[in-house]
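A.B. asks: Here it is, the structure in full.
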Amino acid sequence: MDRADKAVLRLAIGLGLSVLIAYGLALPVPFVVCVLTVLLLSKPGPPIPFLKGAVMGFVIAALLVAGVLMVPLLESYAVTGVMLTGALLYAVFFAGARSANPLTIFLVIALTFIPVAGVADQALTTVLSVAVGVGLGTGVFVTGASHAFFPDAPGSAKIATSPAAVSPEAASWSALQATLVVIPVFVLALTNPAFYLPAIMKTVMLGQQAGSTSARSAGRELVGSTLMGAWMATLVWFGLSLRPNLWMLMLWMVAAALWAGAKSFGVKPTSFPPSFWSNALVTMLILLGPAIEDAAVGKDVYSASATRVALFVGVSLYAWATVWVLERWRDSRSGALVFRRT
């Protein structure tokens, strides 16, 4: 069996197991567990050892709780708090671009998701921090189990774990793009935390995606992956409505992972890069999770989901515009420098 086929099967099995664990055990914010599993299974190379993953989960949970310290600063000195958050985000995105570490997203969540939740409700920050910490531990366990079922051939992991080196200039530019994508939505979320919390997680994904794309392909990647994720969420929701139970949710999630994973890992070649399909799958999870919670408490699922999709598309359009403006600005500066030298 080819390595790409094994990666697709690992993604599908891992997501299915995470759905059973997260929703079967009624973990807090269960869709976060599924999102973290997809992110870990999309990472090239061997799985993280379980003991190391458990320690990392504890450390990440502690860092997320530490994000609560930003809440008083944002409430009393909003401008200073936003500027400090922007500087920290830039540093985290820069380090992440240089090391290609997939765990960068957890630090970004600690700087954005948790403080916004703390502005809405202090108790909510503890719940979300525990959810992300447990989610990372569950994701590591599920990833290890899926790798045990379909291990890579010896030696192939070394090839997958050697990312291309990123220069400081490229990392700096990538971090600037990502920070400028996240910060405005972060400020907007502070005005209405309960409404914009899902948008923060989506924006964090867009920030990382925008940092590695160009203006020419940003529209297809940022907006296209969002619309594709919304379409996948719609299909899974209507399939689940035929027989709404845990097993059907797991089977529909596995089907979505097989379909998106086959395109992401190159089993079925497409004109879109792998990041397009992994972000579409993550968008589907971010949309489905709140929809399931809305249905459980009797809210109008369709109007709430339509609002979230519109918000996500708006954020994606903003991210596209940001990449385009920054690239035009960089090109104009480069042209001006060349003109002065001549």
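So you can find residues: chains in the structure tokens are A, B, ... in the order shown, residues in each start at 1, and ligands are numbered from 1 in order.
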Within 8 Å of range 255-270 of chain A, counting only C-alpha atoms, which residues qualify if same-chain residues fewer than 2 places away don't, as number ranges by chain?
C.D. replies: A: 4-5, 7-9, 11-12, 15, 232, 236, 251-253, 272-278, 280-281
A.B. asks: For Leu84 in chain A, which residue out of A:Ile183, A:Ser174, A:Trp329, A:Val127 is the nearest one, using only C-alpha atoms?
C.D. replies: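 For Leu84 in chain A, the nearest of the candidates is A:Ile183.
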A.B. asks: Between CA of Pro115 in chain A and CA of Tyr196 in chain A, what is the distance, to one decimal in Å?
C.D. replies: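 It comes out at 12.4 Å.
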A.B. asks: Just how far from CA of Gly86 in chain A is CA of Val32 in chain A, in Å to one decimal?
C.D. replies: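 Value for the CA of Val32 in chain A-CA of Gly86 in chain A distance: 23.9 Å.
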A.B. asks: I'd like the neighbourhood of Pro28 in chain A as a compact mmCIF listing (two decimals) with all heavy atoms, in the first residue's frame, where a residue qualifies if any of its atoms comes within 10 Å (using only C-alpha atoms), though same-chain residues fewer than 6 positions away should be ignored.
C.D. replies:
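Written out: out29.txt:
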```txt
# COMPACT_ATOMS: atom_id res chain seq x y z
N ALA A 22 -14.77 11.99 21.74
CA ALA A 22 -15.18 13.33 22.14
C ALA A 22 -16.69 13.44 22.37
O ALA A 22 -17.14 13.97 23.39
CB ALA A 22 -14.75 14.35 21.08
N VAL A 127 -12.90 26.01 31.11
CA VAL A 127 -13.51 24.92 30.34
C VAL A 127 -12.81 24.77 29.00
O VAL A 127 -12.46 23.66 28.57
CB VAL A 127 -15.01 25.19 30.14
CG1 VAL A 127 -15.62 24.16 29.20
CG2 VAL A 127 -15.74 25.19 31.47
N LEU A 128 -12.57 25.88 28.30
CA LEU A 128 -11.92 25.82 27.00
C LEU A 128 -10.47 25.38 27.11
O LEU A 128 -9.98 24.62 26.26
CB LEU A 128 -12.01 27.19 26.32
CG LEU A 128 -13.39 27.64 25.87
CD1 LEU A 128 -13.35 29.06 25.33
CD2 LEU A 128 -13.96 26.70 24.83
N SER A 129 -9.78 25.82 28.15
CA SER A 129 -8.38 25.41 28.33
C SER A 129 -8.27 23.91 28.56
O SER A 129 -7.42 23.22 27.97
CB SER A 129 -7.76 26.17 29.50
OG SER A 129 -7.79 27.56 29.29
N VAL A 130 -9.15 23.39 29.42
CA VAL A 130 -9.17 21.94 29.66
C VAL A 130 -9.54 21.20 28.38
O VAL A 130 -8.96 20.15 28.06
CB VAL A 130 -10.14 21.61 30.80
CG1 VAL A 130 -10.32 20.11 30.93
CG2 VAL A 130 -9.63 22.18 32.12
N ALA A 131 -10.49 21.74 27.62
CA ALA A 131 -10.92 21.08 26.38
C ALA A 131 -9.77 20.98 25.38
O ALA A 131 -9.57 19.93 24.75
CB ALA A 131 -12.09 21.86 25.75
N VAL A 132 -9.00 22.06 25.25
CA VAL A 132 -7.89 22.03 24.30
C VAL A 132 -6.79 21.09 24.80
O VAL A 132 -6.20 20.32 24.02
CB VAL A 132 -7.33 23.44 24.09
CG1 VAL A 132 -6.08 23.42 23.22
CG2 VAL A 132 -8.39 24.33 23.43
N VAL A 134 -7.13 18.44 26.86
CA VAL A 134 -7.63 17.07 26.69
C VAL A 134 -7.68 16.72 25.21
O VAL A 134 -7.39 15.58 24.81
CB VAL A 134 -9.02 16.92 27.33
CG1 VAL A 134 -9.64 15.57 26.99
CG2 VAL A 134 -8.92 17.08 28.84
N GLY A 135 -8.03 17.70 24.38
CA GLY A 135 -8.09 17.45 22.95
C GLY A 135 -6.74 17.08 22.37
O GLY A 135 -6.63 16.19 21.52
```
A.B. asks: So how far away is CA of Ala230 in chain A from CA of Val282 in chain A, in Å?
C.D. replies: 10.2 Å
A.B. asks: Could you check which of A:Leu227, A:Val140, A:Leu206, A:Val119 is closest to Ser76 in chain A, using only C-alpha atoms?
C.D. replies: A:Val119
A.B. asks: For Val204 in chain A, find every residue with an atom within 10 Å (counting only C-alpha atoms), except residues of its own chain fewer than 6 positions away, and show them as a VMD selection string.
C.D. replies: chain A and resid 105 to 106 108 to 109 112 to 113 178 to 179 181 to 183 185 to 186 210
A.B. asks: Need the shell around Thr283 in chain A: protein/DNA/RNA residues with any atom at most 10 Å away, counting only C-alpha atoms. Skip same-chain ones fewer than 5 positions apart. Format as a PDB file with N, CA and C atoms, in the first residue's frame?
C.D. replies:
```pdb
ATOM      1  N   VAL A  35     -10.837  18.762  15.616  1.00  0.00           N
ATOM      2  CA  VAL A  35      -9.980  19.692  14.874  1.00  0.00           C
ATOM      3  C   VAL A  35      -8.511  19.415  15.174  1.00  0.00           C
ATOM      4  N   MET A 201     -11.425  30.923  15.917  1.00  0.00           N
ATOM      5  CA  MET A 201     -10.731  29.689  15.547  1.00  0.00           C
ATOM      6  C   MET A 201     -10.531  29.608  14.037  1.00  0.00           C
ATOM      7  N   LYS A 202     -11.559  30.009  13.284  1.00  0.00           N
ATOM      8  CA  LYS A 202     -11.432  30.023  11.831  1.00  0.00           C
ATOM      9  C   LYS A 202     -10.356  31.014  11.400  1.00  0.00           C
ATOM     10  N   MET A 205      -6.837  29.709  11.751  1.00  0.00           N
ATOM     11  CA  MET A 205      -6.488  28.852  10.615  1.00  0.00           C
ATOM     12  C   MET A 205      -6.177  29.686   9.377  1.00  0.00           C
ATOM     13  N   SER A 225     -11.528  27.337   0.156  1.00  0.00           N
ATOM     14  CA  SER A 225     -11.537  26.287   1.179  1.00  0.00           C
ATOM     15  C   SER A 225     -12.667  26.504   2.182  1.00  0.00           C
ATOM     16  N   THR A 226     -13.001  27.784   2.445  1.00  0.00           N
ATOM     17  CA  THR A 226     -14.119  28.076   3.349  1.00  0.00           C
ATOM     18  C   THR A 226     -15.442  27.620   2.755  1.00  0.00           C
ATOM     19  N   LEU A 227     -15.659  27.941   1.484  1.00  0.00           N
ATOM     20  CA  LEU A 227     -16.903  27.523   0.818  1.00  0.00           C
ATOM     21  C   LEU A 227     -16.968  26.000   0.687  1.00  0.00           C
ATOM     22  N   MET A 228     -15.819  25.368   0.414  1.00  0.00           N
ATOM     23  CA  MET A 228     -15.805  23.910   0.321  1.00  0.00           C
ATOM     24  C   MET A 228     -16.127  23.285   1.669  1.00  0.00           C
ATOM     25  N   GLY A 229     -15.567  23.842   2.745  1.00  0.00           N
ATOM     26  CA  GLY A 229     -15.881  23.339   4.079  1.00  0.00           C
ATOM     27  C   GLY A 229     -17.346  23.503   4.424  1.00  0.00           C
ATOM     28  N   ALA A 230     -17.951  24.632   4.020  1.00  0.00           N
ATOM     29  CA  ALA A 230     -19.380  24.842   4.260  1.00  0.00           C
ATOM     30  C   ALA A 230     -20.219  23.831   3.483  1.00  0.00           C
ATOM     31  N   TRP A 231     -19.822  23.539   2.249  1.00  0.00           N
ATOM     32  CA  TRP A 231     -20.545  22.556   1.438  1.00  0.00           C
ATOM     33  C   TRP A 231     -20.433  21.156   2.056  1.00  0.00           C
ATOM     34  N   MET A 232     -19.249  20.790   2.521  1.00  0.00           N
ATOM     35  CA  MET A 232     -19.070  19.493   3.166  1.00  0.00           C
ATOM     36  C   MET A 232     -19.902  19.401   4.447  1.00  0.00           C
ATOM     37  N   ALA A 233     -19.923  20.489   5.234  1.00  0.00           N
ATOM     38  CA  ALA A 233     -20.715  20.495   6.469  1.00  0.00           C
ATOM     39  C   ALA A 233     -22.204  20.331   6.152  1.00  0.00           C
ATOM     40  N   TRP A 277      -7.456  21.436   1.152  1.00  0.00           N
ATOM     41  CA  TRP A 277      -8.365  20.369   1.582  1.00  0.00           C
ATOM     42  C   TRP A 277      -8.322  20.164   3.087  1.00  0.00           C
ATOM     43  N   SER A 278      -7.157  20.316   3.708  1.00  0.00           N
ATOM     44  CA  SER A 278      -7.105  20.183   5.166  1.00  0.00           C
ATOM     45  C   SER A 278      -7.852  21.324   5.839  1.00  0.00           C
ATOM     46  N   LEU A 288     -19.818  22.293  11.929  1.00  0.00           N
ATOM     47  CA  LEU A 288     -20.688  21.216  12.418  1.00  0.00           C
ATOM     48  C   LEU A 288     -20.775  21.185  13.939  1.00  0.00           C
ATOM     49  N   VAL A 309     -21.538  30.843   8.392  1.00  0.00           N
ATOM     50  CA  VAL A 309     -20.935  30.716   7.060  1.00  0.00           C
ATOM     51  C   VAL A 309     -20.670  32.098   6.468  1.00  0.00           C
ATOM     52  N   PHE A 312     -17.693  33.558   8.212  1.00  0.00           N
ATOM     53  CA  PHE A 312     -16.450  32.912   7.787  1.00  0.00           C
ATOM     54  C   PHE A 312     -16.040  33.385   6.392  1.00  0.00           C
TER      55      PHE A 312
END
```
